[in-house]
Amino acid sequence: MRERSWSVLEPDPPEYRLPDDLRARDVFGGRDCGWVSQMRPFVRAYSRPGDTVFDPFCGFGTTLLAAALEGRDGLGMEIDDARADLARERLRRHGAEARIVRGSIPSKKPLGRVDLCLTSVPYFGCRWPGRASTGQCYAAPDFDTYLMAMRAIFHAVREALPDDGYCIAMAENVRIDGRTLPVAWEVARILDSLFLACDERVLCYPPREDATSERTTESDPLDAAMRNDRTHEYALIYRKRRPPIDIERTRAFLSALREAGFEAAMHGSFVPWAAGDAPAGTRRPNDLDLWIRDDPMAWSALLRWLRAQGFRLSMWGEPATVETSLDTLRKRHYLRAERIDGDGAAVRVDWSLAPEA
């Protein structure tokens, strides 16, 4: 792909567009169908011929068709039975081979090897008119439920990808009832907790020929629900890789921790690095693992100290605060404290309760 942060998309040529007869069988008339021309450059840049490209929200099979045209295998999941059938029919007409599994992760697992996840996330607030399946993101009743589903699904994607495999999600912020919901930013936050951010692209669309300055939901509620005058979206490019921590900064952190009077027992992969005994060629660790005692007052003081030292606190990717209790730590197993300095050096510490003797 070109080394620039944006690109202007060209509509699909007629032969790759969703056929009219298939559109007519869809509850949305196929108006949320993506473009094959949007996906093909990402398939080429982030996978190799023969790789399996996975789309957890495969819809009409657009990503799978792009994968087939680039000599890759396609694997998709689609929670709506009718759309899964439409996707199979569309791919058959192109002579394309792809596997489409009905359902959704994490309740179902991808079949076989997955090399690249490439997808467009489902829209939020589109007022799905069809029969909703359990876990269907289009039918999410509220934004938090939608985001919880996104987290569970991309966590399962991470499990399916090999180390250094890419996860690329297309997302846009949406405007609903006079306000903008930061869907793209929230999806990026979820991905950032699971993967290493590599890049982004702003994808610009030509304006719709039938775009008008005024639309009313009263005239066509379904059409208004699926239309958005925004002419761009984001390609969020992530990789299954956790960058190693900075050894000297982490040693300095341990010294500062002791000087501040906090007690913690070290375990895990950083132990030989702390003592300077790591064998030559040993891979640098991704984090520092520390055990702490079951002391609520000391824990509260530690969290306040960490925040004062510039650390961001989280549990399984969700923000944590200085009010996070030891009971919560016990239930969630660990709390992550991460600081990224101005030169990019990272200190990442995972805190857990010490096992009972």
# chains A, B, ... in the order shown; residues from 1 in each chain; ligands from 1
>>> residues_around(residues="Gly29 (chain A)", least_positions_apart="4", cutoff="12 Å", atoms="only C-alpha atoms", output="PDB file with C-alpha atoms, in the first residue's frame")
ATOM      1  CA  LEU A  18     -23.659  -7.020  -5.160  1.00  0.00           C
ATOM      2  CA  PRO A  19     -26.139  -8.178  -7.836  1.00  0.00           C
ATOM      3  CA  ASP A  20     -29.538  -6.503  -7.831  1.00  0.00           C
ATOM      4  CA  ASP A  21     -31.450  -9.739  -7.328  1.00  0.00           C
ATOM      5  CA  LEU A  22     -29.426 -10.475  -4.173  1.00  0.00           C
ATOM      6  CA  ARG A  23     -29.971  -6.940  -2.916  1.00  0.00           C
ATOM      7  CA  ALA A  24     -33.688  -7.396  -3.339  1.00  0.00           C
ATOM      8  CA  ARG A  25     -33.621 -10.396  -0.992  1.00  0.00           C
ATOM      9  CA  CYS A  33     -22.583  -3.851   1.516  1.00  0.00           C
ATOM     10  CA  PHE A  60     -22.393 -10.341   1.865  1.00  0.00           C
ATOM     11  CA  ARG A  83     -27.051 -13.020   4.673  1.00  0.00           C
ATOM     12  CA  LEU A  86     -26.629 -14.484   0.038  1.00  0.00           C
ATOM     13  CA  PRO A 129     -35.535  -4.731  10.829  1.00  0.00           C
ATOM     14  CA  GLY A 130     -34.966  -8.460  10.475  1.00  0.00           C
ATOM     15  CA  LEU A 222     -35.156   2.337   6.973  1.00  0.00           C
ATOM     16  CA  ASP A 223     -33.260   4.452   4.460  1.00  0.00           C
ATOM     17  CA  MET A 226     -28.700   3.106   6.935  1.00  0.00           C
TER      18      MET A 226
END
>>> residues_around(residues="Ala275 (chain A)", least_positions_apart="2", cutoff="12 Å", atoms="only C-alpha atoms", output="PyMOL selection string")
chain A and resi 247-248+250-251+254+266+269-273+277-279
>>> select_by_dssp(residues="region 62-173 of chain A", states="helix (DSSP H, G or I)", output="PyMOL selection string")
chain A and resi 62-69+81-93+137-139+143-160
>>> write_last_selection(atoms="N, CA and C atoms", output="compact mmCIF listing (two decimals), in the first residue's frame")
# COMPACT_ATOMS: atom_id res chain seq x y z
N THR A 62 -18.04 -9.70 0.97
CA THR A 62 -17.18 -8.78 0.22
C THR A 62 -15.70 -9.05 0.49
N THR A 63 -15.31 -9.20 1.75
CA THR A 63 -13.91 -9.46 2.08
C THR A 63 -13.48 -10.81 1.53
N LEU A 64 -14.36 -11.78 1.59
CA LEU A 64 -14.02 -13.12 1.08
C LEU A 64 -13.83 -13.10 -0.43
N LEU A 65 -14.62 -12.32 -1.14
CA LEU A 65 -14.44 -12.19 -2.57
C LEU A 65 -13.12 -11.49 -2.88
N ALA A 66 -12.80 -10.45 -2.12
CA ALA A 66 -11.51 -9.77 -2.31
C ALA A 66 -10.35 -10.73 -2.07
N ALA A 67 -10.47 -11.57 -1.04
CA ALA A 67 -9.43 -12.55 -0.76
C ALA A 67 -9.26 -13.52 -1.92
N ALA A 68 -10.38 -14.02 -2.46
CA ALA A 68 -10.32 -14.97 -3.57
C ALA A 68 -9.67 -14.35 -4.80
N LEU A 69 -10.01 -13.09 -5.09
CA LEU A 69 -9.45 -12.42 -6.26
C LEU A 69 -7.94 -12.20 -6.12
N ASP A 81 -28.64 -15.80 9.14
CA ASP A 81 -28.70 -16.92 8.20
C ASP A 81 -28.96 -16.47 6.77
N ALA A 82 -29.86 -15.49 6.60
CA ALA A 82 -30.21 -15.05 5.25
C ALA A 82 -29.00 -14.43 4.56
N ARG A 83 -28.24 -13.63 5.29
CA ARG A 83 -27.05 -13.02 4.67
C ARG A 83 -25.97 -14.05 4.38
N ALA A 84 -25.84 -15.03 5.24
CA ALA A 84 -24.87 -16.10 4.96
C ALA A 84 -25.21 -16.79 3.64
N ASP A 85 -26.50 -17.03 3.40
CA ASP A 85 -26.91 -17.66 2.14
C ASP A 85 -26.64 -16.74 0.95
N LEU A 86 -26.90 -15.43 1.12
CA LEU A 86 -26.63 -14.48 0.04
C LEU A 86 -25.14 -14.45 -0.28
N ALA A 87 -24.31 -14.48 0.75
CA ALA A 87 -22.86 -14.44 0.53
C ALA A 87 -22.40 -15.68 -0.24
N ARG A 88 -22.92 -16.84 0.14
CA ARG A 88 -22.54 -18.07 -0.57
C ARG A 88 -22.93 -17.99 -2.04
N GLU A 89 -24.15 -17.49 -2.29
CA GLU A 89 -24.61 -17.38 -3.68
C GLU A 89 -23.74 -16.40 -4.45
N ARG A 90 -23.41 -15.29 -3.84
CA ARG A 90 -22.56 -14.29 -4.52
C ARG A 90 -21.20 -14.89 -4.87
N LEU A 91 -20.59 -15.59 -3.93
CA LEU A 91 -19.28 -16.18 -4.18
C LEU A 91 -19.36 -17.26 -5.25
N ARG A 92 -20.42 -18.05 -5.23
CA ARG A 92 -20.57 -19.10 -6.25
C ARG A 92 -20.61 -18.50 -7.65
N ARG A 93 -21.28 -17.37 -7.80
CA ARG A 93 -21.38 -16.75 -9.11
C ARG A 93 -20.02 -16.29 -9.64
N CYS A 137 -24.84 -7.83 16.62
CA CYS A 137 -24.42 -6.47 16.94
C CYS A 137 -25.36 -5.42 16.34
N TYR A 138 -25.90 -5.70 15.16
CA TYR A 138 -26.85 -4.76 14.56
C TYR A 138 -28.06 -4.52 15.46
N ALA A 139 -28.39 -5.52 16.27
CA ALA A 139 -29.57 -5.42 17.12
C ALA A 139 -29.22 -5.03 18.55
N PHE A 143 -25.23 1.26 23.44
CA PHE A 143 -23.83 1.36 22.99
C PHE A 143 -22.90 0.47 23.82
N ASP A 144 -23.11 0.40 25.14
CA ASP A 144 -22.25 -0.43 25.97
C ASP A 144 -22.38 -1.91 25.62
N THR A 145 -23.59 -2.35 25.34
CA THR A 145 -23.78 -3.75 24.93
C THR A 145 -23.06 -4.02 23.62
N TYR A 146 -23.15 -3.08 22.70
CA TYR A 146 -22.45 -3.20 21.42
C TYR A 146 -20.94 -3.32 21.63
N LEU A 147 -20.37 -2.45 22.48
CA LEU A 147 -18.93 -2.46 22.71
C LEU A 147 -18.48 -3.71 23.45
N MET A 148 -19.30 -4.21 24.36
CA MET A 148 -18.97 -5.46 25.04
C MET A 148 -18.89 -6.61 24.03
N ALA A 149 -19.80 -6.61 23.07
CA ALA A 149 -19.76 -7.64 22.03
C ALA A 149 -18.50 -7.50 21.18
N MET A 150 -18.14 -6.26 20.84
CA MET A 150 -16.92 -6.02 20.07
C MET A 150 -15.69 -6.56 20.81
N ARG A 151 -15.62 -6.30 22.11
CA ARG A 151 -14.47 -6.76 22.89
C ARG A 151 -14.40 -8.29 22.88
N ALA A 152 -15.52 -8.95 23.12
CA ALA A 152 -15.51 -10.42 23.16
C ALA A 152 -15.10 -11.00 21.81
N ILE A 153 -15.60 -10.40 20.75
CA ILE A 153 -15.31 -10.92 19.41
C ILE A 153 -13.84 -10.71 19.05
N PHE A 154 -13.30 -9.52 19.30
CA PHE A 154 -11.90 -9.29 18.93
C PHE A 154 -10.94 -10.00 19.87
N HIS A 155 -11.36 -10.27 21.09
CA HIS A 155 -10.53 -11.11 21.96
C HIS A 155 -10.43 -12.52 21.37
N ALA A 156 -11.54 -13.03 20.84
CA ALA A 156 -11.51 -14.34 20.20
C ALA A 156 -10.69 -14.31 18.91
N VAL A 157 -10.74 -13.19 18.19
CA VAL A 157 -9.90 -13.04 17.00
C VAL A 157 -8.43 -13.15 17.38
N ARG A 158 -8.06 -12.50 18.47
CA ARG A 158 -6.67 -12.56 18.93
C ARG A 158 -6.24 -14.00 19.20
N GLU A 159 -7.15 -14.77 19.79
CA GLU A 159 -6.83 -16.18 20.07
C GLU A 159 -6.60 -16.96 18.78
N ALA A 160 -7.31 -16.58 17.73
CA ALA A 160 -7.23 -17.33 16.47
C ALA A 160 -6.02 -16.96 15.63
>>> residues_around(residues="Leu313 (chain A)", least_positions_apart="4", cutoff="8 Å", atoms="only C-alpha atoms", output="list in words")
Arg307, Pro319, Ala320, Thr321, Leu335, Arg336, Ala337 and Glu338 of chain A
>>> write_last_selection(atoms="C-alpha atoms", output="mmCIF file, in the first residue's frame")
data_model
loop_
_atom_site.group_PDB
_atom_site.id
_atom_site.type_symbol
_atom_site.label_atom_id
_atom_site.label_comp_id
_atom_site.auth_asym_id
_atom_site.auth_seq_id
_atom_site.Cartn_x
_atom_site.Cartn_y
_atom_site.Cartn_z
ATOM 1 C CA ARG A 307 -1.050 7.269 38.763
ATOM 2 C CA PRO A 319 -9.897 1.422 32.378
ATOM 3 C CA ALA A 320 -9.256 1.010 36.106
ATOM 4 C CA THR A 321 -9.014 3.784 38.703
ATOM 5 C CA LEU A 335 -4.302 -5.211 36.991
ATOM 6 C CA ARG A 336 -2.035 -3.740 34.352
ATOM 7 C CA ALA A 337 -0.115 -0.512 34.896
ATOM 8 C CA GLU A 338 1.506 0.843 31.742
#
>>> residues_around(residues="Asp289 (chain A)", least_positions_apart="3", cutoff="6 Å", atoms="only C-alpha atoms", output="number ranges by chain")
A: 266-268, 349-350
>>> write_last_selection(atoms="N, CA and C atoms", output="tab-separated table (two decimals), in the first residue's frame")
chain	number	residue	atom	x	y	z
A	266	MET	N	8.62	-10.27	42.91
A	266	MET	CA	8.74	-10.40	41.46
A	266	MET	C	8.72	-11.87	41.05
A	267	HIS	N	8.07	-12.15	39.93
A	267	HIS	CA	8.08	-13.49	39.36
A	267	HIS	C	7.96	-13.34	37.85
A	268	GLY	N	8.13	-14.43	37.14
A	268	GLY	CA	7.95	-14.37	35.70
A	268	GLY	C	9.23	-14.07	34.94
A	349	VAL	N	3.57	-3.25	33.88
A	349	VAL	CA	3.60	-4.05	35.10
A	349	VAL	C	2.24	-4.70	35.32
A	350	ASP	N	2.24	-6.01	35.53
A	350	ASP	CA	1.02	-6.75	35.85
A	350	ASP	C	1.03	-7.11	37.33
>>> closest_residue(among="A:Leu288, A:Leu161, A:Ile245, A:Cys167", to="Arg113 (chain A)", atoms="only C-alpha atoms")
A:Leu161
>>> closest_residue(among="A:Tyr238, A:Trp185, A:Trp6, A:Tyr16", to="Gly61 (chain A)", atoms="only C-alpha atoms")
A:Tyr16
>>> atom_distance(atom1="CA of Ile176 (chain A)", atom2="CA of Asp142 (chain A)")
12.2 Å
>>> select_by_dssp(residues="region 265-317 of chain A", states="strand (DSSP E or B)", output="MDAnalysis selection string")
chainID A and resid 265:267 288:292 312:315
